[in-house]
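entry_7.cif follows; it contains mmCIF, C-alpha atoms.
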data_data
#
loop_
_atom_site.group_PDB
_atom_site.id
_atom_site.type_symbol
_atom_site.label_atom_id
_atom_site.label_comp_id
_atom_site.auth_asym_id
_atom_site.auth_seq_id
_atom_site.Cartn_x
_atom_site.Cartn_y
_atom_site.Cartn_z
ATOM 1 C CA VAL A 13 -18.499 -19.162 3.304
ATOM 2 C CA GLN A 14 -16.523 -16.399 4.994
ATOM 3 C CA LEU A 15 -14.719 -13.436 3.498
ATOM 4 C CA GLN A 16 -12.254 -11.621 5.742
ATOM 5 C CA ALA A 17 -11.322 -8.219 4.394
ATOM 6 C CA SER A 18 -8.698 -5.874 5.728
ATOM 7 C CA GLY A 19 -6.392 -3.051 4.747
ATOM 8 C CA GLY A 20 -8.513 0.074 4.682
ATOM 9 C CA GLY A 21 -7.432 3.347 6.201
ATOM 10 C CA ALA A 22 -7.145 7.087 5.802
ATOM 11 C CA VAL A 23 -4.839 8.661 3.236
ATOM 12 C CA GLN A 24 -4.391 11.951 1.473
ATOM 13 C CA ALA A 25 -5.328 12.407 -2.150
ATOM 14 C CA GLY A 26 -2.788 10.772 -4.402
ATOM 15 C CA GLY A 27 -1.984 8.114 -1.840
ATOM 16 C CA SER A 28 -2.258 4.349 -2.040
ATOM 17 C CA LEU A 29 -3.784 1.512 -0.065
ATOM 18 C CA ARG A 30 -3.967 -2.222 -0.470
ATOM 19 C CA LEU A 31 -7.060 -4.141 0.508
ATOM 20 C CA SER A 32 -7.045 -7.872 0.987
ATOM 21 C CA CYS A 33 -9.788 -10.449 1.273
ATOM 22 C CA LYS A 34 -9.284 -14.037 2.365
ATOM 23 C CA ALA A 35 -11.959 -16.577 1.601
ATOM 24 C CA SER A 36 -12.878 -19.786 3.355
ATOM 25 C CA GLY A 37 -15.609 -22.329 2.861
ATOM 26 C CA ILE A 38 -15.410 -22.394 -0.928
ATOM 27 C CA ASN A 39 -13.203 -23.926 -3.584
ATOM 28 C CA PHE A 40 -11.647 -20.506 -4.076
ATOM 29 C CA SER A 41 -9.751 -21.286 -7.265
ATOM 30 C CA ILE A 42 -12.858 -21.791 -9.387
ATOM 31 C CA TYR A 43 -14.742 -18.643 -8.417
ATOM 32 C CA SER A 44 -14.668 -15.109 -9.683
ATOM 33 C CA MET A 45 -14.206 -12.584 -6.922
ATOM 34 C CA ALA A 46 -15.383 -9.007 -6.907
ATOM 35 C CA TRP A 47 -14.823 -5.743 -5.094
ATOM 36 C CA TYR A 48 -17.652 -3.291 -4.475
ATOM 37 C CA ARG A 49 -17.819 -0.007 -2.667
ATOM 38 C CA GLN A 50 -20.519 2.064 -1.068
ATOM 39 C CA ALA A 51 -20.238 5.726 -0.199
ATOM 40 C CA PRO A 52 -22.602 7.362 2.305
ATOM 41 C CA GLY A 53 -25.970 8.022 0.714
ATOM 42 C CA LYS A 54 -25.071 6.172 -2.453
ATOM 43 C CA GLU A 55 -25.774 2.721 -3.815
ATOM 44 C CA ARG A 56 -23.210 -0.029 -3.689
ATOM 45 C CA GLU A 57 -21.246 -0.155 -6.942
ATOM 46 C CA LEU A 58 -18.913 -2.629 -8.578
ATOM 47 C CA VAL A 59 -15.269 -1.611 -8.556
ATOM 48 C CA ALA A 60 -13.584 -4.635 -10.117
ATOM 49 C CA ASN A 61 -13.883 -8.338 -10.547
ATOM 50 C CA ILE A 62 -11.247 -10.979 -11.119
ATOM 51 C CA ASN A 63 -12.012 -14.269 -12.779
ATOM 52 C CA ALA A 64 -10.661 -17.683 -11.824
ATOM 53 C CA ASP A 65 -8.059 -17.408 -14.564
ATOM 54 C CA GLY A 66 -6.818 -14.081 -13.213
ATOM 55 C CA SER A 67 -8.349 -11.871 -15.878
ATOM 56 C CA ALA A 68 -9.919 -8.750 -14.443
ATOM 57 C CA ASN A 69 -12.458 -6.104 -15.314
ATOM 58 C CA TYR A 70 -12.779 -2.650 -13.857
ATOM 59 C CA ALA A 71 -15.403 0.041 -13.541
ATOM 60 C CA ASP A 72 -14.873 3.057 -15.752
ATOM 61 C CA PHE A 73 -14.159 5.309 -12.785
ATOM 62 C CA VAL A 74 -11.114 3.225 -11.895
ATOM 63 C CA ALA A 75 -9.366 4.632 -14.987
ATOM 64 C CA GLY A 76 -6.213 2.595 -14.500
ATOM 65 C CA ARG A 77 -5.728 3.567 -10.855
ATOM 66 C CA PHE A 78 -6.710 0.268 -9.198
ATOM 67 C CA THR A 79 -5.487 -3.253 -9.753
ATOM 68 C CA THR A 80 -6.944 -6.483 -8.454
ATOM 69 C CA SER A 81 -4.989 -9.707 -8.142
ATOM 70 C CA ARG A 82 -5.396 -13.109 -6.547
ATOM 71 C CA ASP A 83 -3.411 -16.003 -5.143
ATOM 72 C CA ASN A 84 -5.453 -19.185 -5.276
ATOM 73 C CA ALA A 85 -3.085 -21.091 -3.001
ATOM 74 C CA ARG A 86 -3.618 -18.449 -0.304
ATOM 75 C CA ARG A 87 -7.335 -18.091 -1.100
ATOM 76 C CA THR A 88 -6.768 -14.360 -1.143
ATOM 77 C CA VAL A 89 -7.669 -11.509 -3.455
ATOM 78 C CA TRP A 90 -6.228 -8.014 -3.283
ATOM 79 C CA LEU A 91 -7.292 -4.607 -4.478
ATOM 80 C CA HIS A 92 -4.466 -2.143 -4.936
ATOM 81 C CA LEU A 93 -5.752 1.418 -4.795
ATOM 82 C CA ASN A 94 -3.423 4.016 -6.294
ATOM 83 C CA THR A 95 -3.758 7.731 -7.029
ATOM 84 C CA LEU A 96 -6.677 7.895 -4.647
ATOM 85 C CA LYS A 97 -9.153 10.732 -4.873
ATOM 86 C CA PRO A 98 -11.544 12.098 -2.231
ATOM 87 C CA GLU A 99 -14.427 10.644 -4.239
ATOM 88 C CA ASP A 100 -12.978 7.172 -3.638
ATOM 89 C CA THR A 101 -13.979 7.506 0.006
ATOM 90 C CA ALA A 102 -16.287 4.593 0.743
ATOM 91 C CA THR A 103 -16.632 1.278 2.466
ATOM 92 C CA TYR A 104 -15.139 -1.413 0.262
ATOM 93 C CA TYR A 105 -16.498 -4.940 0.218
ATOM 94 C CA CYS A 106 -15.266 -8.159 -1.292
ATOM 95 C CA ASN A 107 -17.835 -10.453 -2.790
ATOM 96 C CA VAL A 108 -18.223 -13.911 -4.196
ATOM 97 C CA ARG A 109 -21.260 -15.466 -5.787
ATOM 98 C CA ALA A 110 -21.349 -19.118 -4.814
ATOM 99 C CA TYR A 111 -24.094 -21.683 -4.266
ATOM 100 C CA SER A 112 -26.513 -19.366 -6.111
ATOM 101 C CA ARG A 113 -26.150 -16.497 -3.674
ATOM 102 C CA ASP A 114 -23.898 -13.578 -2.857
ATOM 103 C CA PHE A 115 -21.509 -13.604 0.065
ATOM 104 C CA TRP A 116 -19.999 -10.392 1.388
ATOM 105 C CA GLY A 117 -17.047 -9.509 3.511
ATOM 106 C CA ARG A 118 -17.503 -7.220 6.489
ATOM 107 C CA GLY A 119 -16.370 -4.125 4.611
ATOM 108 C CA THR A 120 -13.299 -2.000 5.111
ATOM 109 C CA GLN A 121 -13.324 1.789 5.214
ATOM 110 C CA VAL A 122 -11.225 3.887 2.838
ATOM 111 C CA THR A 123 -11.097 7.612 3.550
ATOM 112 C CA VAL A 124 -9.284 9.982 1.219
ATOM 113 C CA SER A 125 -8.739 13.574 2.254
ATOM 114 C CA SER A 126 -7.987 16.424 -0.108
#
When written as structure tokens, how does the structure in this file appear?
Amino acid sequence: VQLQASGGGAVQAGGSLRLSCKASGINFSIYSMAWYRQAPGKERELVANINADGSANYADFVAGRFTTSRDNARRTVWLHLNTLKPEDTATYYCNVRAYSRDFWGRGTQVTVSS
């Protein structure tokens, strides 16, 4: 199983980014996918997850600013980050739990300046 994430970068507060994650090695359409983030000195935390049927759940801190979506035919999931805040600065990871274990993408850095 491989997860290839991309799309991070540096933006000013209020800006937007789109992260993408392409999966291989799994029957993508049947799995829930998740996005996590980890800021320096902090634990990794769940940002959002999207189920096989496209329904999604978000952490409270997202507060309507982020949206996750998926395209099963392209085996890709996206995380749209809007109205970014400096506290959103972190490394973002995509995740899938398959074959009774977690698989992680490499991580993509998001840096938000004030």
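Using all atoms listed in the file, the shortest contact distance between Arg56 of chain A and any of A:Val124, A:Val108, A:Ala85, A:Ala102 is found at A:Ala102.
Of the listed residues (A:Tyr48, A:Trp90, A:Phe78, A:Tyr70), A:Tyr48 comes nearest to Trp116 of chain A; the distances count all atoms listed in the file.
Closest to Gly26 of chain A among A:Asn63, A:Ser112, A:Ser125, A:Thr103 is A:Ser125, based on all atoms listed in the file.
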Practice problem: Output the residue selection produced by the PyMOL selection byres ((chain A and resi 51) around 12) on the file above, formatted as a ChimeraX atom specification. | Solution: /A:48-50,52-58,98-105,119-124
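Going from atom CA of Asn61 of chain A over to atom CA of Gly21 of chain A, you cover 21.4 Å.
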Practice problem: Report as a PyMOL selection string the full result of the PyMOL selection byres ((chain A and resi 33) around 12) when it is applied to this structure. | Solution: chain A and resi 14-20+30-32+34-36+40+45-47+80-84+86-92+104-108+116-120
Mind writing the picked residues with C-alpha atoms as a PDB file, in the frame of the given file?
ATOM      1  CA  GLN A  14     -16.523 -16.399   4.994  1.00  0.00           C
ATOM      2  CA  LEU A  15     -14.719 -13.436   3.498  1.00  0.00           C
ATOM      3  CA  GLN A  16     -12.254 -11.621   5.742  1.00  0.00           C
ATOM      4  CA  ALA A  17     -11.322  -8.219   4.394  1.00  0.00           C
ATOM      5  CA  SER A  18      -8.698  -5.874   5.728  1.00  0.00           C
ATOM      6  CA  GLY A  19      -6.392  -3.051   4.747  1.00  0.00           C
ATOM      7  CA  GLY A  20      -8.513   0.074   4.682  1.00  0.00           C
ATOM      8  CA  ARG A  30      -3.967  -2.222  -0.470  1.00  0.00           C
ATOM      9  CA  LEU A  31      -7.060  -4.141   0.508  1.00  0.00           C
ATOM     10  CA  SER A  32      -7.045  -7.872   0.987  1.00  0.00           C
ATOM     11  CA  LYS A  34      -9.284 -14.037   2.365  1.00  0.00           C
ATOM     12  CA  ALA A  35     -11.959 -16.577   1.601  1.00  0.00           C
ATOM     13  CA  SER A  36     -12.878 -19.786   3.355  1.00  0.00           C
ATOM     14  CA  PHE A  40     -11.647 -20.506  -4.076  1.00  0.00           C
ATOM     15  CA  MET A  45     -14.206 -12.584  -6.922  1.00  0.00           C
ATOM     16  CA  ALA A  46     -15.383  -9.007  -6.907  1.00  0.00           C
ATOM     17  CA  TRP A  47     -14.823  -5.743  -5.094  1.00  0.00           C
ATOM     18  CA  THR A  80      -6.944  -6.483  -8.454  1.00  0.00           C
ATOM     19  CA  SER A  81      -4.989  -9.707  -8.142  1.00  0.00           C
ATOM     20  CA  ARG A  82      -5.396 -13.109  -6.547  1.00  0.00           C
ATOM     21  CA  ASP A  83      -3.411 -16.003  -5.143  1.00  0.00           C
ATOM     22  CA  ASN A  84      -5.453 -19.185  -5.276  1.00  0.00           C
ATOM     23  CA  ARG A  86      -3.618 -18.449  -0.304  1.00  0.00           C
ATOM     24  CA  ARG A  87      -7.335 -18.091  -1.100  1.00  0.00           C
ATOM     25  CA  THR A  88      -6.768 -14.360  -1.143  1.00  0.00           C
ATOM     26  CA  VAL A  89      -7.669 -11.509  -3.455  1.00  0.00           C
ATOM     27  CA  TRP A  90      -6.228  -8.014  -3.283  1.00  0.00           C
ATOM     28  CA  LEU A  91      -7.292  -4.607  -4.478  1.00  0.00           C
ATOM     29  CA  HIS A  92      -4.466  -2.143  -4.936  1.00  0.00           C
ATOM     30  CA  TYR A 104     -15.139  -1.413   0.262  1.00  0.00           C
ATOM     31  CA  TYR A 105     -16.498  -4.940   0.218  1.00  0.00           C
ATOM     32  CA  CYS A 106     -15.266  -8.159  -1.292  1.00  0.00           C
ATOM     33  CA  ASN A 107     -17.835 -10.453  -2.790  1.00  0.00           C
ATOM     34  CA  VAL A 108     -18.223 -13.911  -4.196  1.00  0.00           C
ATOM     35  CA  TRP A 116     -19.999 -10.392   1.388  1.00  0.00           C
ATOM     36  CA  GLY A 117     -17.047  -9.509   3.511  1.00  0.00           C
ATOM     37  CA  ARG A 118     -17.503  -7.220   6.489  1.00  0.00           C
ATOM     38  CA  GLY A 119     -16.370  -4.125   4.611  1.00  0.00           C
ATOM     39  CA  THR A 120     -13.299  -2.000   5.111  1.00  0.00           C
TER      40      THR A 120
END
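Taking atom CA of Ala25 of chain A and atom CA of Thr95 of chain A as the two end points, the separation is 6.9 Å.
For the set A:Ser44, A:Gln24, A:Asn39, A:Ser126, the residue with the smallest atom-to-atom gap to Asn69 of chain A is A:Ser44, counting all atoms listed in the file.
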Quiz item: For Ala64 of chain A, which residue out of A:Val13, A:Val23, A:Ile42, A:Leu96 is the nearest one, using only C-alpha atoms?
Solution: A:Ile42
Exercise. May I ask which of the residues A:Gly37, A:Gly76, A:Gly66, A:Gly27 is the closest one to Phe115 of chain A, counting only C-alpha atoms?
Key: A:Gly37
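What the PyMOL selection byres ((chain A and resi 28) around 6) grabs from this file is Gly27, Leu29, Leu93 and Asn94 of chain A.
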